[in-house]
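Text of model_10.cif, listed as mmCIF, C-alpha atoms:
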data_final
loop_
_atom_site.label_atom_id
_atom_site.label_comp_id
_atom_site.auth_asym_id
_atom_site.auth_seq_id
_atom_site.Cartn_x
_atom_site.Cartn_y
_atom_site.Cartn_z
CA MET S 1 17.56 -2.26 -12.57
CA LEU S 2 19.33 0.30 -10.40
CA TRP S 3 17.51 3.13 -12.22
CA LEU S 4 14.06 1.57 -11.78
CA GLY S 5 14.70 0.72 -8.15
CA GLN S 6 15.79 4.29 -7.49
CA ILE S 7 12.59 5.67 -9.02
CA VAL S 8 10.50 3.82 -6.43
CA SER S 9 12.81 4.41 -3.48
CA VAL S 10 13.52 8.10 -4.08
CA THR S 11 9.81 8.77 -4.64
CA GLY S 12 9.12 7.33 -1.20
CA SER S 13 11.95 9.38 0.31
CA GLN S 14 10.63 12.60 -1.24
CA MET S 15 7.14 11.80 0.06
CA GLN S 16 8.58 11.35 3.53
CA LEU S 17 10.65 14.55 3.37
CA ALA S 18 7.57 16.59 2.44
CA ALA S 19 5.57 14.86 5.18
CA ILE S 20 8.28 15.53 7.78
CA ASN S 21 8.41 19.24 6.94
CA TRP S 22 4.62 19.53 7.11
CA HIS S 23 4.49 17.41 10.30
CA VAL S 24 7.11 19.55 12.05
CA TRP S 25 5.27 22.72 11.01
CA LEU S 26 1.99 21.42 12.40
CA LEU S 27 3.63 20.40 15.68
CA THR S 28 5.61 23.61 16.24
CA LYS S 29 4.49 26.45 13.91
CA SER S 30 8.16 27.45 14.07
CA ALA S 31 10.43 28.47 11.17
CA PHE S 32 13.44 27.61 13.31
CA ALA S 33 12.09 24.09 13.96
CA LEU S 34 11.72 23.62 10.20
CA GLY S 35 15.33 24.71 9.72
CA MET S 36 16.47 22.18 12.32
CA VAL S 37 15.21 19.38 10.07
CA GLY S 38 18.04 20.40 7.76
CA PHE S 39 20.52 20.30 10.62
CA PHE S 40 19.60 16.74 11.58
CA ARG S 41 19.79 15.70 7.93
CA GLY S 42 23.06 17.51 7.24
CA ALA S 43 25.15 16.98 10.37
CA PRO S 44 25.32 13.14 10.12
CA ILE S 45 26.29 13.46 6.46
CA ILE S 46 29.16 15.80 7.28
CA VAL S 47 30.32 13.57 10.15
CA CYS S 48 30.00 10.21 8.35
CA SER S 49 30.52 10.93 4.66
CA LEU S 50 34.33 10.67 4.63
CA ALA S 51 34.15 7.24 6.25
CA GLY S 52 31.42 6.33 3.76
CA GLY S 53 33.73 7.06 0.85
CA VAL S 54 36.54 4.95 2.28
CA PHE S 55 34.15 2.01 2.71
CA ALA S 56 32.75 2.48 -0.82
CA ASP S 57 36.23 2.08 -2.32
CA ALA S 58 37.23 -0.84 -0.07
CA VAL S 59 34.18 -3.15 0.04
CA ASP S 60 31.60 -4.47 -2.40
CA ARG S 61 29.48 -1.44 -3.24
CA LYS S 62 26.34 -3.48 -3.89
CA ARG S 63 26.52 -5.17 -0.49
CA LEU S 64 27.17 -1.84 1.21
CA MET S 65 24.07 -0.38 -0.45
CA ILE S 66 21.94 -3.32 0.67
CA ILE S 67 23.00 -2.64 4.28
CA THR S 68 22.37 1.11 4.05
CA GLN S 69 18.99 0.67 2.36
CA THR S 70 17.98 -1.75 5.12
CA VAL S 71 18.96 0.78 7.81
CA MET S 72 16.88 3.49 6.10
CA LEU S 73 13.97 1.06 5.81
CA GLY S 74 14.18 0.43 9.57
CA SER S 75 14.29 4.16 10.34
CA ALA S 76 11.15 4.83 8.28
CA THR S 77 9.38 1.87 9.90
CA VAL S 78 10.07 3.14 13.43
CA LEU S 79 8.92 6.63 12.41
CA THR S 80 5.68 5.11 11.14
CA ILE S 81 5.08 3.27 14.41
CA VAL S 82 5.80 6.21 16.74
CA THR S 83 3.63 8.53 14.65
CA MET S 84 0.72 6.08 14.69
CA ALA S 85 1.11 5.88 18.48
CA GLY S 86 0.42 9.62 18.75
CA LEU S 87 3.56 11.71 18.32
CA SER S 88 3.43 15.08 20.10
CA HIS S 89 7.14 16.07 20.14
CA VAL S 90 9.55 16.65 17.27
CA TRP S 91 12.68 15.04 18.76
CA PRO S 92 11.84 11.48 17.50
CA ILE S 93 11.49 12.93 13.98
CA TYR S 94 14.88 14.62 14.30
CA LEU S 95 16.54 11.48 15.71
CA LEU S 96 15.22 9.09 13.06
CA THR S 97 16.02 11.61 10.33
CA ALA S 98 19.61 11.67 11.59
CA VAL S 99 19.85 7.85 11.50
CA ALA S 100 18.64 7.74 7.89
CA SER S 101 21.03 10.54 6.91
CA ALA S 102 23.98 8.71 8.48
CA ALA S 103 23.09 5.66 6.37
CA SER S 104 22.85 7.81 3.24
CA ALA S 105 26.40 9.05 3.92
CA PHE S 106 27.54 5.49 3.14
CA ASP S 107 24.91 4.80 0.48
CA THR S 108 25.54 7.77 -1.83
CA PRO S 109 29.30 7.25 -2.39
CA ALA S 110 28.64 3.56 -3.11
CA ARG S 111 25.82 4.31 -5.57
CA GLN S 112 27.55 7.13 -7.45
CA SER S 113 30.81 5.16 -7.64
CA LEU S 114 28.95 2.14 -9.01
CA MET S 115 27.29 4.06 -11.85
CA PRO S 116 30.38 4.66 -14.06
CA THR S 117 31.06 0.89 -14.09
CA LEU S 118 27.57 0.10 -15.44
CA VAL S 119 27.74 2.08 -18.72
CA PRO S 120 30.35 2.82 -21.41
CA ILE S 121 32.35 5.93 -20.49
CA ARG S 122 31.10 7.92 -23.51
CA ASP S 123 27.51 7.33 -22.39
CA PHE S 124 28.18 8.34 -18.81
CA PRO S 125 27.02 11.99 -19.16
CA ASN S 126 23.68 10.65 -20.45
CA ALA S 127 23.51 8.20 -17.55
CA VAL S 128 24.11 11.05 -15.10
CA SER S 129 21.28 13.01 -16.70
CA LEU S 130 18.94 10.03 -16.36
CA GLY S 131 20.09 9.47 -12.78
CA VAL S 132 19.42 13.09 -11.84
CA THR S 133 16.09 12.86 -13.67
CA VAL S 134 15.11 9.96 -11.41
CA PHE S 135 15.60 12.19 -8.40
CA TYR S 136 13.56 15.04 -9.82
CA PHE S 137 10.90 12.73 -11.25
CA ALA S 138 10.49 11.46 -7.70
CA MET S 139 10.31 15.05 -6.48
CA ILE S 140 7.32 15.61 -8.76
CA GLY S 141 5.36 12.52 -7.79
CA GLY S 142 6.54 12.33 -4.18
CA PRO S 143 5.56 15.74 -2.77
CA SER S 144 2.43 15.93 -4.94
CA MET S 145 1.16 12.59 -3.62
CA ALA S 146 2.29 13.51 -0.13
CA GLY S 147 0.29 16.73 -0.25
CA PHE S 148 -2.94 14.91 -1.06
CA LEU S 149 -2.28 12.02 1.33
CA LEU S 150 -1.39 14.37 4.17
CA ALA S 151 -4.80 15.98 3.84
CA SER S 152 -6.63 12.65 3.93
CA HIS S 153 -4.46 10.12 5.80
CA GLY S 154 -1.81 12.01 7.80
CA PRO S 155 2.00 11.61 7.92
CA ALA S 156 2.15 8.07 9.38
CA PHE S 157 0.69 6.59 6.19
CA ILE S 158 3.37 8.31 4.11
CA TYR S 159 6.17 7.14 6.40
CA GLY S 160 4.93 3.57 5.91
CA ILE S 161 4.97 3.96 2.12
CA ASN S 162 8.56 5.17 2.27
CA ALA S 163 9.60 2.18 4.39
CA ALA S 164 8.21 -0.20 1.76
CA SER S 165 9.84 1.72 -1.12
CA TYR S 166 13.37 0.77 -0.01
CA LEU S 167 12.61 -2.83 -0.95
CA ALA S 168 12.73 -1.84 -4.65
CA VAL S 169 16.43 -0.92 -4.49
CA ILE S 170 17.30 -3.92 -2.32
CA VAL S 171 15.65 -6.31 -4.80
CA ALA S 172 17.35 -4.56 -7.75
CA LEU S 173 20.79 -4.83 -6.13
CA ILE S 174 20.32 -8.52 -5.36
CA ALA S 175 19.25 -9.17 -8.96
CA MET S 176 22.15 -7.26 -10.58
CA ARG S 177 24.97 -9.36 -12.02
CA ALA S 178 27.49 -6.51 -12.31
CA SER S 179 30.37 -6.51 -9.85
CA GLY S 180 30.27 -4.04 -7.00
CA ARG S 181 34.02 -4.12 -6.38
CA ALA S 182 36.20 -1.08 -7.15
CA VAL S 183 38.73 -1.59 -9.96
CA ALA S 184 42.25 -0.27 -9.39
CA ARG S 185 44.51 0.90 -12.17
CA GLU S 186 47.19 -1.49 -13.41
CA GLY S 187 49.98 -1.77 -10.88
CA GLU S 188 47.96 -0.19 -8.07
CA ALA S 189 46.49 -1.96 -5.05
CA THR S 190 42.83 -1.71 -4.20
CA SER S 191 41.88 0.48 -1.25
CA ARG S 192 41.49 -0.70 2.33
CA VAL S 193 39.55 0.85 5.18
CA SER S 194 42.24 3.00 6.77
CA PHE S 195 43.22 6.57 7.55
CA ALA S 196 45.81 6.36 4.75
CA ALA S 197 43.02 5.62 2.27
CA LEU S 198 41.11 8.68 3.47
CA LYS S 199 44.25 10.80 3.19
CA GLU S 200 44.77 9.55 -0.38
CA GLY S 201 41.26 10.66 -1.35
CA LEU S 202 41.66 14.09 0.26
CA SER S 203 45.01 14.55 -1.45
CA PHE S 204 43.59 13.69 -4.87
CA VAL S 205 40.71 16.15 -4.54
CA TRP S 206 43.00 18.92 -3.30
CA ARG S 207 45.38 18.39 -6.25
CA THR S 208 42.55 18.64 -8.81
CA PRO S 209 41.48 22.32 -9.04
CA ILE S 210 38.37 21.76 -11.15
CA ILE S 211 36.93 19.36 -8.55
CA VAL S 212 37.64 21.80 -5.71
CA GLN S 213 36.01 24.63 -7.66
CA THR S 214 32.84 22.69 -8.53
CA MET S 215 32.47 21.55 -4.91
CA THR S 216 32.95 25.05 -3.51
CA LEU S 217 30.47 26.59 -5.95
CA ASP S 218 27.97 23.82 -5.17
CA PHE S 219 28.17 24.45 -1.44
CA ALA S 220 27.89 28.23 -1.71
CA ALA S 221 24.87 28.15 -4.03
CA THR S 222 22.90 25.56 -2.08
CA PHE S 223 23.76 26.95 1.35
CA PHE S 224 22.26 30.34 0.58
CA ALA S 225 19.29 29.33 -1.59
CA SER S 226 17.41 26.75 0.49
CA ALA S 227 13.91 28.01 -0.21
CA THR S 228 12.32 24.56 -0.08
CA ALA S 229 12.74 24.36 3.70
CA LEU S 230 10.32 27.28 4.06
CA LEU S 231 7.65 26.04 1.64
CA PRO S 232 5.21 25.08 4.44
CA ILE S 233 5.23 28.72 5.55
CA PHE S 234 4.65 30.00 2.02
CA ALA S 235 1.82 27.49 1.48
CA ASP S 236 0.14 28.16 4.82
CA LYS S 237 0.70 31.87 5.51
CA ILE S 238 1.79 33.70 2.34
CA LEU S 239 0.09 32.03 -0.64
CA ASN S 240 -2.75 30.49 1.42
CA VAL S 241 -2.94 27.23 -0.57
CA GLY S 242 -2.87 24.63 2.24
CA ALA S 243 -1.44 21.10 2.22
CA ARG S 244 -2.36 20.38 -1.41
CA GLY S 245 -0.75 23.61 -2.56
CA PHE S 246 2.29 22.75 -0.46
CA GLY S 247 2.60 19.47 -2.37
CA LEU S 248 2.50 21.32 -5.70
CA LEU S 249 5.05 23.88 -4.54
CA SER S 250 7.36 21.06 -3.40
CA ALA S 251 6.98 19.33 -6.77
CA ALA S 252 7.48 22.44 -8.94
CA PRO S 253 11.32 22.46 -8.93
CA ALA S 254 11.27 18.84 -10.01
CA ILE S 255 8.98 19.53 -12.97
CA GLY S 256 11.50 21.96 -14.43
CA ALA S 257 14.30 19.58 -13.52
CA VAL S 258 12.80 16.51 -15.21
CA VAL S 259 12.14 18.33 -18.47
CA THR S 260 15.66 19.74 -18.44
CA GLY S 261 17.25 16.41 -17.48
CA LEU S 262 15.51 14.56 -20.31
CA VAL S 263 16.58 17.21 -22.81
CA MET S 264 20.17 16.99 -21.59
CA ALA S 265 20.12 13.18 -21.80
CA ARG S 266 18.86 13.46 -25.38
CA LEU S 267 21.42 16.06 -26.44
CA GLY S 268 24.39 14.27 -24.83
CA THR S 269 27.69 16.14 -24.30
CA PHE S 270 27.71 19.95 -24.13
CA ARG S 271 30.46 22.37 -25.03
CA ARG S 272 31.68 25.13 -22.68
CA GLN S 273 30.48 23.13 -19.70
CA GLY S 274 32.35 25.25 -17.16
CA LYS S 275 30.61 28.45 -18.25
CA LEU S 276 27.27 26.63 -18.30
CA VAL S 277 27.77 25.55 -14.67
CA ILE S 278 28.43 29.12 -13.50
CA GLY S 279 25.57 30.55 -15.59
CA SER S 280 23.09 28.00 -14.29
CA VAL S 281 23.99 28.87 -10.67
CA ALA S 282 23.26 32.54 -11.45
CA VAL S 283 19.88 31.66 -13.00
CA PHE S 284 19.11 29.49 -9.95
CA GLY S 285 19.72 32.48 -7.70
CA LEU S 286 17.60 34.83 -9.82
CA ALA S 287 14.67 32.39 -9.82
CA THR S 288 14.96 32.03 -6.04
CA VAL S 289 14.81 35.80 -5.58
CA ALA S 290 11.72 36.02 -7.81
CA PHE S 291 10.02 33.24 -5.83
CA GLY S 292 10.68 35.03 -2.55
CA LEU S 293 9.07 38.21 -3.91
CA SER S 294 6.06 36.49 -5.49
CA ARG S 295 2.58 36.54 -3.97
CA VAL S 296 0.90 34.83 -6.95
CA PHE S 297 0.64 31.04 -6.76
CA TRP S 298 1.16 30.24 -10.46
CA PHE S 299 4.17 32.58 -10.71
CA SER S 300 5.66 31.01 -7.60
CA LEU S 301 5.28 27.59 -9.23
CA LEU S 302 6.94 28.90 -12.39
CA MET S 303 9.93 30.34 -10.55
CA LEU S 304 10.42 27.15 -8.54
CA ALA S 305 10.31 25.17 -11.80
CA LEU S 306 12.95 27.50 -13.30
CA SER S 307 15.16 27.05 -10.23
CA GLY S 308 14.86 23.27 -10.64
CA ALA S 309 15.81 23.47 -14.32
CA ALA S 310 18.88 25.60 -13.60
CA ASP S 311 19.91 23.34 -10.72
CA THR S 312 19.70 20.29 -12.99
CA VAL S 313 22.02 21.79 -15.60
CA SER S 314 24.53 22.62 -12.89
CA THR S 315 24.20 19.26 -11.09
CA VAL S 316 24.54 17.08 -14.20
CA LEU S 317 27.58 18.93 -15.50
CA ARG S 318 29.32 19.10 -12.11
CA GLN S 319 28.76 15.42 -11.42
CA THR S 320 29.97 14.44 -14.91
CA ILE S 321 33.12 16.54 -14.56
CA ARG S 322 33.97 15.10 -11.15
CA GLN S 323 33.28 11.44 -11.93
CA LEU S 324 35.21 11.44 -15.22
CA ALA S 325 38.14 13.28 -13.65
CA THR S 326 38.44 10.62 -10.92
CA PRO S 327 39.92 7.09 -11.23
CA ASP S 328 37.48 4.30 -10.33
CA HIS S 329 39.36 3.25 -7.20
CA LEU S 330 39.06 6.81 -5.83
CA ARG S 331 35.47 7.61 -6.84
CA GLY S 332 33.91 6.60 -3.53
CA ARG S 333 36.23 8.86 -1.56
CA MET S 334 35.85 11.76 -3.99
CA THR S 335 32.05 11.41 -3.80
CA SER S 336 32.11 11.29 -0.01
CA ILE S 337 34.19 14.48 0.16
CA ASN S 338 31.77 16.09 -2.27
CA MET S 339 28.85 15.00 -0.07
CA VAL S 340 30.04 17.45 2.56
CA PHE S 341 29.43 20.15 -0.04
CA PHE S 342 26.47 19.04 -2.17
CA MET S 343 24.44 17.48 0.67
CA GLY S 344 25.83 19.35 3.66
CA GLY S 345 25.30 22.69 1.89
CA PRO S 346 21.53 22.36 1.35
CA GLN S 347 20.89 20.88 4.80
CA LEU S 348 22.90 23.50 6.65
CA GLY S 349 21.31 26.03 4.33
CA GLU S 350 17.94 24.98 5.71
CA VAL S 351 19.19 25.85 9.19
CA GLU S 352 20.35 29.22 7.88
CA ALA S 353 17.05 29.82 6.07
CA GLY S 354 14.98 28.87 9.11
CA SER S 355 17.04 31.01 11.47
CA VAL S 356 16.97 34.06 9.18
CA ALA S 357 13.24 33.56 8.55
CA ALA S 358 12.60 33.54 12.30
CA LEU S 359 14.32 36.95 12.50
CA ILE S 360 13.22 38.78 9.34
CA GLY S 361 10.46 36.62 7.84
CA ALA S 362 10.40 33.83 5.24
CA PRO S 363 10.15 35.99 2.06
CA LEU S 364 13.17 38.13 2.90
CA SER S 365 15.11 35.04 3.96
CA VAL S 366 14.53 33.49 0.53
CA VAL S 367 15.40 36.71 -1.32
CA THR S 368 18.70 37.18 0.52
CA GLY S 369 19.53 33.53 -0.08
CA GLY S 370 19.00 33.90 -3.82
CA LEU S 371 21.25 36.97 -3.84
CA GLY S 372 23.90 34.86 -2.09
CA SER S 373 23.81 32.34 -4.95
CA ILE S 374 24.16 35.11 -7.52
CA LEU S 375 27.16 36.47 -5.61
CA ALA S 376 28.74 32.99 -5.55
CA ALA S 377 28.39 32.74 -9.35
CA ALA S 378 29.93 36.19 -9.79
CA ILE S 379 32.93 35.27 -7.64
CA ALA S 380 33.38 32.03 -9.62
CA LEU S 381 33.65 34.04 -12.85
CA PHE S 382 36.83 35.63 -11.50
CA LYS S 383 38.28 32.91 -9.26
CA ALA S 384 37.35 29.48 -10.75
CA LYS S 385 39.77 29.57 -13.70
CA SER S 386 39.94 25.79 -14.31
CA LEU S 387 36.14 25.49 -14.29
CA LEU S 388 35.68 28.53 -16.51
CA LYS S 389 38.04 27.08 -19.14
CA TYR S 390 36.62 23.55 -19.03
CA ASP S 391 35.15 22.57 -22.41
CA GLY S 392 33.81 19.07 -21.81
CA ASP S 393 36.09 16.81 -23.86
CA VAL S 394 36.00 13.13 -22.79
CA ARG S 395 38.49 10.70 -24.30
CA ASP S 396 39.67 7.30 -23.17
CA ASP S 397 38.25 7.38 -19.63
CA ARG S 398 39.80 10.70 -18.74
CA VAL S 399 38.84 14.34 -18.74
CA VAL S 400 40.86 16.54 -21.08
CA ARG S 401 41.31 19.94 -19.48
#
Here is the file; what I need is its structure written in the form of structure tokens.
Amino acid sequence: MLWLGQIVSVTGSQMQLAAINWHVWLLTKSAFALGMVGFFRGAPIIVCSLAGGVFADAVDRKRLMIITQTVMLGSATVLTIVTMAGLSHVWPIYLLTAVASAASAFDTPARQSLMPTLVPIRDFPNAVSLGVTVFYFAMIGGPSMAGFLLASHGPAFIYGINAASYLAVIVALIAMRASGRAVAREGEATSRVSFAALKEGLSFVWRTPIIVQTMTLDFAATFFASATALLPIFADKILNVGARGFGLLSAAPAIGAVVTGLVMARLGTFRRQGKLVIGSVAVFGLATVAFGLSRVFWFSLLMLALSGAADTVSTVLRQTIRQLATPDHLRGRMTSINMVFFMGGPQLGEVEAGSVAALIGAPLSVVTGGLGSILAAAIALFKAKSLLKYDGDVRDDRVVR
């Protein structure tokens, strides 16, 4: 039920994200303004995510998700109304984007912490693959549909679709019988909302080198290689493919990601997972560089699809490692700390990409970003010893290092 609800909801969210980027571009024709969308998505996550993790470990995670999904529904509804009224400035888009991002800072720790309690531990890597596939499946359908609907109906229609899509998750959560409460280990008390609880989560992450290393690598790779923020420029000025081509470019990373995610779910557990994580980050960077240099539409689509495939391998393995290395009563806080890296990195990376593009142009901005990801992978080969040695053994609800 959670999986099906997420398919509908995330598809709507991806439609809205594509529409917002295109809407901001039409209003401003500014690369910097496009990058600021990432700032208003990333800053609330960085500010609120630690509190979100504490709440996810202290309260019923299902109820918390119902509240956050309702807030995001309200944000999309207001955005629909103001756009239909004739929006001529970008600040309402930025403000409502920030509200939805703040809600997601509480929603994501609750959702990711809930997942390991819904499946047997040995099946969890497969569940992660399917969960990531939902996101990328939505990235295929969402931007593609958004591209066509933008050309015929405009952004307000898409914002309205996204508002309605949140109902799917809310209904699924209400229908689920599984408990949303965190389970503490024997002899340990459950978490409360307090500074001590936050300190406990930070201490656990800091004492677990493989979690620190995966988070750091995640942030570095996504901060530098945020090519998707500049896709409206590539579609409009470089590849000359318009709104429909923009939708296909936005969907291309997800096509590679869905195929890869389904294959990974079918194959199950991989060996030498640490080396696979580092290698996939390097491939991600190489594909990003090739996309930045491309002036051929089909090759650009291919490179974006390859970047999505590489990102999926890295994301699935990193998330599996972190969740299985973390006790259930700490998963919300671990996830919230990780949000600063895996969600803050891409959003702040969009600011970096937009700013650099305003100075030296979009293609060179993308190329230098891809080189940054390759450099991050190279540094990890020498510095991330725990990750490099990790072999992916899972036994009795723990990760064997």
Quiz item: In file coordinates, which residues lie within 9 Å of (19.4, 20.5, 8.6) using all atoms listed in the file, given as a list in words?
Solution: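 It turns out the residues near that spot are Leu34, Gly35, Met36, Val37, Gly38, Phe39, Phe40, Arg41, Gly42, Ala43, Gly344, Pro346, Gln347, Leu348, Gly349, Glu350, Val351 and Glu352 of chain S.
Straight-line separation from atom CA of S:Thr68 to atom CA of S:Ala309: 29.7 Å.
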Quiz prompt | Contacts of stretch 174-179 of chain S within 10 Å, only C-alpha atoms, excl. fewer than 4 positions in-chain, as an MDAnalysis selection string | solution = chainID S and resid 1:2 60:63 66 114 117:118 169:170 183
Exercise. Just the residues within 9 Å of S:Thr83, please, counting only C-alpha atoms, with nothing from its chain fewer than 5 positions along; format it as a ChimeraX atom specification.
Key: /S:78,88,155-156,159
Quiz prompt | Residues returned when the PyMOL selection byres ((chain S and resi 129-138) around 8) runs on this file, as a PyMOL selection string | solution = chain S and resi 3+6-8+10-12+14+125-128+139-142+253-255+257-258+261-262+264-265+312+315-316
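You can rank S:Ser355, S:Asn162, S:Thr288, S:Ser300 by their closest distance to S:Thr368 using all atoms listed in the file, and at the top of that list sits S:Thr288.
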Exercise. Would you please work out which residue, of S:Val259, S:Ala146, S:Leu330, S:Ile321, is nearest to S:Asp57 when using all atoms listed in the file?
Key: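 Nearest to S:Asp57: S:Leu330.
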Which stretch 297-386 of chain S residues have any atom within 9 Å of an atom of stretch 30-33 of chain S, and for each, what is the nearest pair of atoms with distance in Å to one decimal, counting only C-alpha atoms, rows sorted by chain and number, as a tab-separated table?
residue	atom	partner	partner_atom	distance
S:Val351	CA	S:Phe32	CA	7.3
S:Glu352	CA	S:Phe32	CA	8.9
S:Ala353	CA	S:Phe32	CA	8.4
S:Gly354	CA	S:Phe32	CA	4.6
S:Ser355	CA	S:Phe32	CA	5.3
S:Val356	CA	S:Phe32	CA	8.4
S:Ala357	CA	S:Ala31	CA	6.4
S:Ala358	CA	S:Ala31	CA	5.6
S:Gly361	CA	S:Ala31	CA	8.8
S:Ala362	CA	S:Ala31	CA	8.0
Practice problem: Determine the nearest neighbour of S:Ile158 from the options S:Phe246, S:Phe106, S:Trp22, S:Phe284, counting all atoms listed in the file. | Solution: S:Trp22
Practice problem: Kindly give the distance, in Å, that separates atom CA of S:Ala220 and atom CA of S:Ala100, rounded to a single decimal. | Solution: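 Distance reported for this atom pair: 24.4 Å.
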Quiz item: How would you write, as a ChimeraX atom specification, the residues chosen by the PyMOL selection byres ((chain S and resi 240-244) around 8) on this structure?
Solution: /S:22,144,147-148,150-151,234-239,245-248
Quiz prompt | Length of the atom CA of S:Leu96 to atom CA of S:Ile46 vector [Å] | solution = 16.5 Å
Self-check item: Pick from S:His329, S:Leu302, S:Ala378, S:Leu364, whichever lies nearest to S:Ser280 using all atoms listed in the file
Solution: S:Ala378
Can you put N, CA, C and O atoms back into stretch 64-80 of chain S and show it as an mmCIF file, keeping the file's coordinate frame?
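The file below, rebuild.cif, is the result:
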data_model
loop_
_atom_site.group_PDB
_atom_site.id
_atom_site.type_symbol
_atom_site.label_atom_id
_atom_site.label_comp_id
_atom_site.auth_asym_id
_atom_site.auth_seq_id
_atom_site.Cartn_x
_atom_site.Cartn_y
_atom_site.Cartn_z
ATOM 1 N N LEU S 64 27.254 -3.005 0.337
ATOM 2 C CA LEU S 64 27.170 -1.840 1.210
ATOM 3 C C LEU S 64 25.836 -1.138 1.033
ATOM 4 O O LEU S 64 25.197 -0.723 2.016
ATOM 5 N N MET S 65 25.361 -1.024 -0.197
ATOM 6 C CA MET S 65 24.070 -0.380 -0.450
ATOM 7 C C MET S 65 22.906 -1.172 0.128
ATOM 8 O O MET S 65 21.929 -0.593 0.611
ATOM 9 N N ILE S 66 23.001 -2.495 0.078
ATOM 10 C CA ILE S 66 21.940 -3.320 0.670
ATOM 11 C C ILE S 66 21.840 -3.052 2.170
ATOM 12 O O ILE S 66 20.735 -2.926 2.729
ATOM 13 N N ILE S 67 22.991 -2.925 2.835
ATOM 14 C CA ILE S 67 23.000 -2.640 4.280
ATOM 15 C C ILE S 67 22.408 -1.260 4.553
ATOM 16 O O ILE S 67 21.552 -1.089 5.433
ATOM 17 N N THR S 68 22.849 -0.257 3.789
ATOM 18 C CA THR S 68 22.370 1.110 4.050
ATOM 19 C C THR S 68 20.885 1.241 3.747
ATOM 20 O O THR S 68 20.159 1.929 4.493
ATOM 21 N N GLN S 69 20.419 0.604 2.687
ATOM 22 C CA GLN S 69 18.990 0.670 2.360
ATOM 23 C C GLN S 69 18.154 0.002 3.448
ATOM 24 O O GLN S 69 17.051 0.446 3.765
ATOM 25 N N THR S 70 18.692 -1.058 4.034
ATOM 26 C CA THR S 70 17.980 -1.750 5.120
ATOM 27 C C THR S 70 17.899 -0.866 6.364
ATOM 28 O O THR S 70 16.866 -0.828 7.046
ATOM 29 N N VAL S 71 18.969 -0.142 6.674
ATOM 30 C CA VAL S 71 18.960 0.780 7.810
ATOM 31 C C VAL S 71 17.911 1.879 7.595
ATOM 32 O O VAL S 71 17.137 2.220 8.509
ATOM 33 N N MET S 72 17.860 2.428 6.384
ATOM 34 C CA MET S 72 16.880 3.490 6.100
ATOM 35 C C MET S 72 15.460 2.938 6.143
ATOM 36 O O MET S 72 14.531 3.640 6.591
ATOM 37 N N LEU S 73 15.283 1.709 5.698
ATOM 38 C CA LEU S 73 13.970 1.060 5.810
ATOM 39 C C LEU S 73 13.556 0.965 7.279
ATOM 40 O O LEU S 73 12.410 1.261 7.638
ATOM 41 N N GLY S 74 14.484 0.550 8.133
ATOM 42 C CA GLY S 74 14.180 0.430 9.570
ATOM 43 C C GLY S 74 13.832 1.773 10.196
ATOM 44 O O GLY S 74 12.913 1.872 11.022
ATOM 45 N N SER S 75 14.558 2.833 9.804
ATOM 46 C CA SER S 75 14.290 4.160 10.340
ATOM 47 C C SER S 75 12.881 4.624 9.982
ATOM 48 O O SER S 75 12.141 5.153 10.833
ATOM 49 N N ALA S 76 12.483 4.426 8.712
ATOM 50 C CA ALA S 76 11.150 4.830 8.280
ATOM 51 C C ALA S 76 10.065 4.007 8.972
ATOM 52 O O ALA S 76 8.983 4.518 9.297
ATOM 53 N N THR S 77 10.356 2.732 9.218
ATOM 54 C CA THR S 77 9.380 1.870 9.900
ATOM 55 C C THR S 77 9.133 2.334 11.334
ATOM 56 O O THR S 77 7.986 2.422 11.794
ATOM 57 N N VAL S 78 10.212 2.656 12.048
ATOM 58 C CA VAL S 78 10.070 3.140 13.430
ATOM 59 C C VAL S 78 9.318 4.466 13.450
ATOM 60 O O VAL S 78 8.462 4.705 14.317
ATOM 61 N N LEU S 79 9.612 5.348 12.476
ATOM 62 C CA LEU S 79 8.920 6.630 12.410
ATOM 63 C C LEU S 79 7.429 6.426 12.177
ATOM 64 O O LEU S 79 6.593 7.142 12.755
ATOM 65 N N THR S 80 7.087 5.437 11.372
ATOM 66 C CA THR S 80 5.680 5.110 11.140
ATOM 67 C C THR S 80 4.998 4.687 12.439
ATOM 68 O O THR S 80 3.902 5.154 12.779
#
